[in-house]
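A.B. asks: First the structure, which I've put down as structure tokens, then a few questions once you've had a look.
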Amino acid sequence: MQFPPLTTHTQTVSFHIASDIIKKSHNPLTLKHCYLYTFNYAYHHSQLCKLESRQIFDNEQTNKLLFSNIKVDPSISPFIKNRFEIISSSEDYSELLVNIKKENIHDEGFKAEYLVLHGDDTTYPERLKKLKDIGLVIVGFPNFKTPTTTYSICNYQNIWHFGVLIKHNSDWYKHKKKPRSFSNSIGIKIGKTLVSIASKGNKTIELLDACCGVGTVMLEACFSGLNVEGCDIKLKRCEHTRQNLAHYNYNANVYCSDIKDLNKKYDAAIIDLPYNLYSYSNDTILTNIIESTAKLTTRIVIVSIADVEPIIKKSGLKISDFCTVKKRGRSQFTRNIWVCEKESNSN
Ligand SMILES: C[S@@+](CC[C@H](N)C(=O)[O-])C[C@H]1O[C@@H](n2cnc3c(N)ncnc32)[C@H](O)[C@@H]1O
């Protein structure tokens, strides 16, 4: 079966198309999707990954993969490992090869890679044979070290797919060695997920990190190419955030201010609320932070170890999604993550 040529849908348009199509059918051959995403995550992050997947794709990944017609950069998420852009699919392997040949692909320096998916028991020698087949229907000399394009073949539920493989860029791991940290800093994987959830993978938005601490979330937003600004009430935290940003040559404004005194508009905001451990916190402080941020944006992702749901609801925000994230191992330390939207009739 041939798919239409790849197009770069805008996020908003394709979002609705995808949700309609995906709800109608789960048969990968009847879906008009263009992309197959593969995921990887540790068990304690499974709910966080599902929340991210719901927010970006309007659908949960299963078996660590997801078909969608929404195009996002796989490096925006800590969990998406590959974006496979489907060019052709068929239940019949020989027909797939004929279809690829018809594409008349000329590519000097290409590479072919077999993508092993859940449930695919194709043996290693068979996989090598199939890569050779692919190599023979693409015109050009391969380059295995620095390929121009990586073409890929995979099998899911007895359907063969051929396409272009875009891999996750894990350079953001360098942020683990940021010069400034503190005990209440959020982990970089959660920080990165907060950015992908708040932005829904859209890199053109203006994002606010309302309680930026030492800037863990801001580093991830900068790496993904988003326009981000930060705010923290403590001068030392702001200075440390600026040092961290400068260390990686990122440019972003950091306001040393109580969030209630900020007077700008953003497309989305992230609030990693003070934990009452090293930053003092009570209901009045939390209400001030949430209500003040809600005046600056219509979409907020809130993180807290406390149950702040009553405060969120009182502030006029509607909770659209939620998950909890435990620390790895037996730790009882749990973070709550709420995705909130401002109701249309509130200020
Ligand atoms: C849990 S920490 C954020 C940690 C941050 N995500 C990081 O990884 O470094 C909460 C931060 O909120 C800041 N804060 C508390 N009240 C605030 C307010 N009214 N306006 C802005 N920031 C505030 C604290 O100074 C603290 O740095």
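In the structure tokens, each chain is lettered A, B, ... as it comes, each chain's residues begin at 1, and ligands are numbered from 1 in order of appearance.
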Quick one: contact table of chain A to ligand 1, 7 Å max, nearest atom pair and distance in Å to one decimal per residue, counting only C-alpha atoms and all ligand atoms, chain and number order, as a tab-separated table?
C.D. replies:
residue	atom	partner	partner_atom_place_in_ligand_line	distance
A:Ser181	CA	ligand 1	9 (O)	6.7
A:Phe182	CA	ligand 1	9 (O)	6.7
A:Asn184	CA	ligand 1	1 (C)	5.1
A:Ser185	CA	ligand 1	8 (O)	3.2
A:Ile186	CA	ligand 1	8 (O)	4.0
A:Gly187	CA	ligand 1	8 (O)	7.0
A:Ala210	CA	ligand 1	21 (C)	6.0
A:Cys211	CA	ligand 1	12 (O)	4.0
A:Cys212	CA	ligand 1	5 (C)	4.7
A:Gly213	CA	ligand 1	27 (O)	3.5
A:Val214	CA	ligand 1	9 (O)	3.9
A:Gly215	CA	ligand 1	9 (O)	5.0
A:Thr216	CA	ligand 1	8 (O)	4.3
A:Val217	CA	ligand 1	6 (N)	6.0
A:Cys231	CA	ligand 1	21 (C)	5.6
A:Asp232	CA	ligand 1	22 (N)	3.6
A:Ile233	CA	ligand 1	22 (N)	4.2
A:Lys234	CA	ligand 1	25 (O)	4.9
A:Arg237	CA	ligand 1	27 (O)	6.0
A:Ser257	CA	ligand 1	21 (C)	6.0
A:Asp258	CA	ligand 1	20 (N)	3.7
A:Ile259	CA	ligand 1	20 (N)	3.9
A:Lys260	CA	ligand 1	19 (N)	6.6
A:Asp272	CA	ligand 1	3 (C)	5.0
A:Leu273	CA	ligand 1	10 (C)	4.9
A:Pro274	CA	ligand 1	10 (C)	3.8
A:Tyr275	CA	ligand 1	1 (C)	5.6
A:Ser279	CA	ligand 1	24 (C)	5.4
A:Ile285	CA	ligand 1	19 (N)	6.5
A:Asn288	CA	ligand 1	19 (N)	6.7
A:Ile289	CA	ligand 1	19 (N)	5.4
A.B. asks: Extract the full set of strand (DSSP E or B) residues from range 2-171 of chain A according to DSSP on the backbone, and format it as a PDB file with N, CA and C atoms, in the first residue's frame.
C.D. replies:
ATOM      1  N   GLN A   2       0.554   2.214  -0.850  1.00  0.00           N
ATOM      2  CA  GLN A   2       1.338   3.447  -0.939  1.00  0.00           C
ATOM      3  C   GLN A   2       0.744   4.522  -0.043  1.00  0.00           C
ATOM      4  N   TYR A  35       3.747   8.601  10.362  1.00  0.00           N
ATOM      5  CA  TYR A  35       4.876   8.410  11.263  1.00  0.00           C
ATOM      6  C   TYR A  35       4.640   7.258  12.239  1.00  0.00           C
ATOM      7  N   LEU A  36       5.737   6.579  12.527  1.00  0.00           N
ATOM      8  CA  LEU A  36       5.728   5.562  13.576  1.00  0.00           C
ATOM      9  C   LEU A  36       6.798   5.993  14.574  1.00  0.00           C
ATOM     10  N   TYR A  37       6.410   6.174  15.838  1.00  0.00           N
ATOM     11  CA  TYR A  37       7.354   6.592  16.882  1.00  0.00           C
ATOM     12  C   TYR A  37       7.676   5.396  17.771  1.00  0.00           C
ATOM     13  N   THR A  38       8.955   5.250  18.131  1.00  0.00           N
ATOM     14  CA  THR A  38       9.305   4.214  19.101  1.00  0.00           C
ATOM     15  C   THR A  38       9.774   4.888  20.393  1.00  0.00           C
ATOM     16  N   PHE A  39       9.492   4.231  21.511  1.00  0.00           N
ATOM     17  CA  PHE A  39       9.742   4.823  22.833  1.00  0.00           C
ATOM     18  C   PHE A  39      10.611   3.894  23.675  1.00  0.00           C
ATOM     19  N   THR A  62       1.537   2.258  22.927  1.00  0.00           N
ATOM     20  CA  THR A  62       1.423   0.910  23.493  1.00  0.00           C
ATOM     21  C   THR A  62       2.562   0.071  22.927  1.00  0.00           C
ATOM     22  N   LEU A  65       5.385   1.807  21.161  1.00  0.00           N
ATOM     23  CA  LEU A  65       5.327   2.421  19.837  1.00  0.00           C
ATOM     24  C   LEU A  65       3.967   3.041  19.573  1.00  0.00           C
ATOM     25  N   LEU A  66       3.946   3.951  18.614  1.00  0.00           N
ATOM     26  CA  LEU A  66       2.728   4.708  18.318  1.00  0.00           C
ATOM     27  C   LEU A  66       2.725   5.155  16.862  1.00  0.00           C
ATOM     28  N   PHE A  67       1.618   4.886  16.150  1.00  0.00           N
ATOM     29  CA  PHE A  67       1.420   5.416  14.798  1.00  0.00           C
ATOM     30  C   PHE A  67       0.688   6.747  14.921  1.00  0.00           C
ATOM     31  N   SER A  68       1.116   7.733  14.174  1.00  0.00           N
ATOM     32  CA  SER A  68       0.466   9.045  14.250  1.00  0.00           C
ATOM     33  C   SER A  68       0.729   9.829  12.969  1.00  0.00           C
ATOM     34  N   ILE A  80      11.045   9.385  23.392  1.00  0.00           N
ATOM     35  CA  ILE A  80      10.911   8.999  21.978  1.00  0.00           C
ATOM     36  C   ILE A  80      12.306   8.709  21.428  1.00  0.00           C
ATOM     37  N   LYS A  81      12.486   7.506  20.969  1.00  0.00           N
ATOM     38  CA  LYS A  81      13.816   7.114  20.489  1.00  0.00           C
ATOM     39  C   LYS A  81      13.964   7.320  18.988  1.00  0.00           C
ATOM     40  N   ASN A  82      12.891   7.109  18.238  1.00  0.00           N
ATOM     41  CA  ASN A  82      12.966   7.245  16.782  1.00  0.00           C
ATOM     42  C   ASN A  82      11.658   7.797  16.239  1.00  0.00           C
ATOM     43  N   ARG A  83      11.778   8.548  15.149  1.00  0.00           N
ATOM     44  CA  ARG A  83      10.599   8.866  14.332  1.00  0.00           C
ATOM     45  C   ARG A  83      10.834   8.217  12.979  1.00  0.00           C
ATOM     46  N   PHE A  84       9.950   7.298  12.643  1.00  0.00           N
ATOM     47  CA  PHE A  84      10.062   6.557  11.393  1.00  0.00           C
ATOM     48  C   PHE A  84       9.021   7.130  10.441  1.00  0.00           C
ATOM     49  N   GLU A  85       9.464   7.808   9.374  1.00  0.00           N
ATOM     50  CA  GLU A  85       8.546   8.460   8.441  1.00  0.00           C
ATOM     51  C   GLU A  85       8.188   7.461   7.358  1.00  0.00           C
ATOM     52  N   ILE A  86       6.959   6.974   7.388  1.00  0.00           N
ATOM     53  CA  ILE A  86       6.572   5.866   6.515  1.00  0.00           C
ATOM     54  C   ILE A  86       6.421   6.326   5.067  1.00  0.00           C
ATOM     55  N   ILE A  87       7.122   5.645   4.169  1.00  0.00           N
ATOM     56  CA  ILE A  87       7.004   5.928   2.731  1.00  0.00           C
ATOM     57  C   ILE A  87       6.090   4.893   2.087  1.00  0.00           C
ATOM     58  N   SER A  88       6.235   3.634   2.478  1.00  0.00           N
ATOM     59  CA  SER A  88       5.430   2.580   1.863  1.00  0.00           C
ATOM     60  C   SER A  88       5.213   1.429   2.853  1.00  0.00           C
ATOM     61  N   SER A  89       4.040   0.805   2.772  1.00  0.00           N
ATOM     62  CA  SER A  89       3.729  -0.331   3.658  1.00  0.00           C
ATOM     63  C   SER A  89       3.032  -1.429   2.870  1.00  0.00           C
ATOM     64  N   SER A  90       3.266  -2.653   3.258  1.00  0.00           N
ATOM     65  CA  SER A  90       2.575  -3.768   2.611  1.00  0.00           C
ATOM     66  C   SER A  90       2.644  -5.009   3.494  1.00  0.00           C
ATOM     67  N   HIS A 106      17.169   8.075  -5.394  1.00  0.00           N
ATOM     68  CA  HIS A 106      18.594   8.267  -5.670  1.00  0.00           C
ATOM     69  C   HIS A 106      19.183   8.981  -4.471  1.00  0.00           C
ATOM     70  N   PHE A 110      23.632   7.137   1.475  1.00  0.00           N
ATOM     71  CA  PHE A 110      22.527   6.689   2.343  1.00  0.00           C
ATOM     72  C   PHE A 110      22.958   5.502   3.211  1.00  0.00           C
ATOM     73  N   LYS A 111      22.132   5.172   4.165  1.00  0.00           N
ATOM     74  CA  LYS A 111      22.375   4.003   5.009  1.00  0.00           C
ATOM     75  C   LYS A 111      21.040   3.278   5.192  1.00  0.00           C
ATOM     76  N   ALA A 112      21.063   1.970   5.325  1.00  0.00           N
ATOM     77  CA  ALA A 112      19.828   1.228   5.613  1.00  0.00           C
ATOM     78  C   ALA A 112      19.968   0.542   6.972  1.00  0.00           C
ATOM     79  N   GLU A 113      18.922   0.649   7.781  1.00  0.00           N
ATOM     80  CA  GLU A 113      18.960   0.075   9.126  1.00  0.00           C
ATOM     81  C   GLU A 113      17.664  -0.674   9.388  1.00  0.00           C
ATOM     82  N   TYR A 114      17.743  -1.823  10.015  1.00  0.00           N
ATOM     83  CA  TYR A 114      16.527  -2.574  10.358  1.00  0.00           C
ATOM     84  C   TYR A 114      16.051  -2.120  11.734  1.00  0.00           C
ATOM     85  N   VAL A 139      19.283   3.803  -5.376  1.00  0.00           N
ATOM     86  CA  VAL A 139      20.423   4.104  -6.247  1.00  0.00           C
ATOM     87  C   VAL A 139      21.396   5.032  -5.512  1.00  0.00           C
ATOM     88  N   PRO A 142      26.371   3.628  -0.460  1.00  0.00           N
ATOM     89  CA  PRO A 142      26.060   3.836   0.966  1.00  0.00           C
ATOM     90  C   PRO A 142      27.214   4.487   1.732  1.00  0.00           C
ATOM     91  N   THR A 150      19.044   7.985   6.654  1.00  0.00           N
ATOM     92  CA  THR A 150      18.957   6.589   7.094  1.00  0.00           C
ATOM     93  C   THR A 150      17.589   6.049   6.712  1.00  0.00           C
ATOM     94  N   TYR A 151      17.564   5.089   5.772  1.00  0.00           N
ATOM     95  CA  TYR A 151      16.308   4.423   5.403  1.00  0.00           C
ATOM     96  C   TYR A 151      16.152   3.216   6.312  1.00  0.00           C
ATOM     97  N   SER A 152      14.915   2.856   6.565  1.00  0.00           N
ATOM     98  CA  SER A 152      14.724   1.767   7.504  1.00  0.00           C
ATOM     99  C   SER A 152      13.545   0.885   7.083  1.00  0.00           C
ATOM    100  N   ILE A 153      13.604  -0.343   7.552  1.00  0.00           N
ATOM    101  CA  ILE A 153      12.519  -1.292   7.307  1.00  0.00           C
ATOM    102  C   ILE A 153      12.141  -1.898   8.658  1.00  0.00           C
ATOM    103  N   CYS A 154      10.849  -2.136   8.844  1.00  0.00           N
ATOM    104  CA  CYS A 154      10.420  -2.780  10.081  1.00  0.00           C
ATOM    105  C   CYS A 154       9.146  -3.576   9.833  1.00  0.00           C
ATOM    106  N   ASN A 155       8.837  -4.450  10.772  1.00  0.00           N
ATOM    107  CA  ASN A 155       7.633  -5.261  10.672  1.00  0.00           C
ATOM    108  C   ASN A 155       6.845  -5.117  11.960  1.00  0.00           C
ATOM    109  N   TYR A 156       5.575  -4.728  11.835  1.00  0.00           N
ATOM    110  CA  TYR A 156       4.719  -4.660  13.017  1.00  0.00           C
ATOM    111  C   TYR A 156       3.385  -5.322  12.692  1.00  0.00           C
ATOM    112  N   ILE A 159       2.882  -6.529   9.092  1.00  0.00           N
ATOM    113  CA  ILE A 159       2.903  -5.547   8.001  1.00  0.00           C
ATOM    114  C   ILE A 159       4.315  -4.988   7.904  1.00  0.00           C
ATOM    115  N   TRP A 160       4.831  -4.969   6.672  1.00  0.00           N
ATOM    116  CA  TRP A 160       6.158  -4.413   6.442  1.00  0.00           C
ATOM    117  C   TRP A 160       6.051  -2.927   6.145  1.00  0.00           C
ATOM    118  N   HIS A 161       6.936  -2.150   6.759  1.00  0.00           N
ATOM    119  CA  HIS A 161       6.964  -0.701   6.524  1.00  0.00           C
ATOM    120  C   HIS A 161       8.372  -0.307   6.088  1.00  0.00           C
ATOM    121  N   PHE A 162       8.431   0.609   5.125  1.00  0.00           N
ATOM    122  CA  PHE A 162       9.708   1.169   4.687  1.00  0.00           C
ATOM    123  C   PHE A 162       9.619   2.688   4.862  1.00  0.00           C
ATOM    124  N   GLY A 163      10.725   3.295   5.316  1.00  0.00           N
ATOM    125  CA  GLY A 163      10.682   4.755   5.476  1.00  0.00           C
ATOM    126  C   GLY A 163      12.023   5.326   5.872  1.00  0.00           C
ATOM    127  N   VAL A 164      11.968   6.573   6.326  1.00  0.00           N
ATOM    128  CA  VAL A 164      13.185   7.290   6.748  1.00  0.00           C
ATOM    129  C   VAL A 164      13.212   7.335   8.275  1.00  0.00           C
ATOM    130  N   LEU A 165      14.361   7.026   8.835  1.00  0.00           N
ATOM    131  CA  LEU A 165      14.490   6.964  10.289  1.00  0.00           C
ATOM    132  C   LEU A 165      15.188   8.222  10.820  1.00  0.00           C
ATOM    133  N   ILE A 166      14.523   8.922  11.740  1.00  0.00           N
ATOM    134  CA  ILE A 166      15.134  10.080  12.399  1.00  0.00           C
ATOM    135  C   ILE A 166      15.351   9.691  13.855  1.00  0.00           C
ATOM    136  N   LYS A 167      16.618   9.731  14.285  1.00  0.00           N
ATOM    137  CA  LYS A 167      16.923   9.250  15.634  1.00  0.00           C
ATOM    138  C   LYS A 167      16.956  10.383  16.655  1.00  0.00           C
TER     139      LYS A 167
END
A.B. asks: Can you list every residue in range 106-327 of chain A that DSSP puts in helix (DSSP H, G or I), as a ChimeraX atom specification?
C.D. replies: /A:124-137,170-177,188-199,216-223,235-247,259-261,283-294,309-314
A.B. asks: Pick out the closest residue to Thr324 in chain A from this set: A:Cys238, A:Val303, A:Leu136, A:Val308. Count only C-alpha atoms.
C.D. replies: A:Val303
A.B. asks: Rank A:Glu343, A:Glu91, A:Asp133, A:Asp120 by their smallest atom-to-atom distance to Ile300 in chain A, using only C-alpha atoms, and report the top residue only.
C.D. replies: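 Of all the options, A:Glu343 lies closest to Ile300 in chain A.
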A.B. asks: Looking at A:Ile138, A:Leu207, A:Ile197, A:Leu115, which one is nearest to Pro78 in chain A, with distances taken over only C-alpha atoms?
C.D. replies: A:Ile197
A.B. asks: A:Ser304, A:Ser53, A:Asn251, A:Thr298: which is nearest Cys340 in chain A, counting only C-alpha atoms?
C.D. replies: A:Thr298
A.B. asks: Report, in Å to a single decimal, how far apart CA of Asn158 in chain A and CA of Asp121 in chain A are.
C.D. replies: 10.4 Å
A.B. asks: So, with only C-alpha atoms as the atoms that count, which of A:Phe333, A:Asn40, A:Lys177, A:Glu60 lies closest to Leu117 in chain A?
C.D. replies: A:Asn40
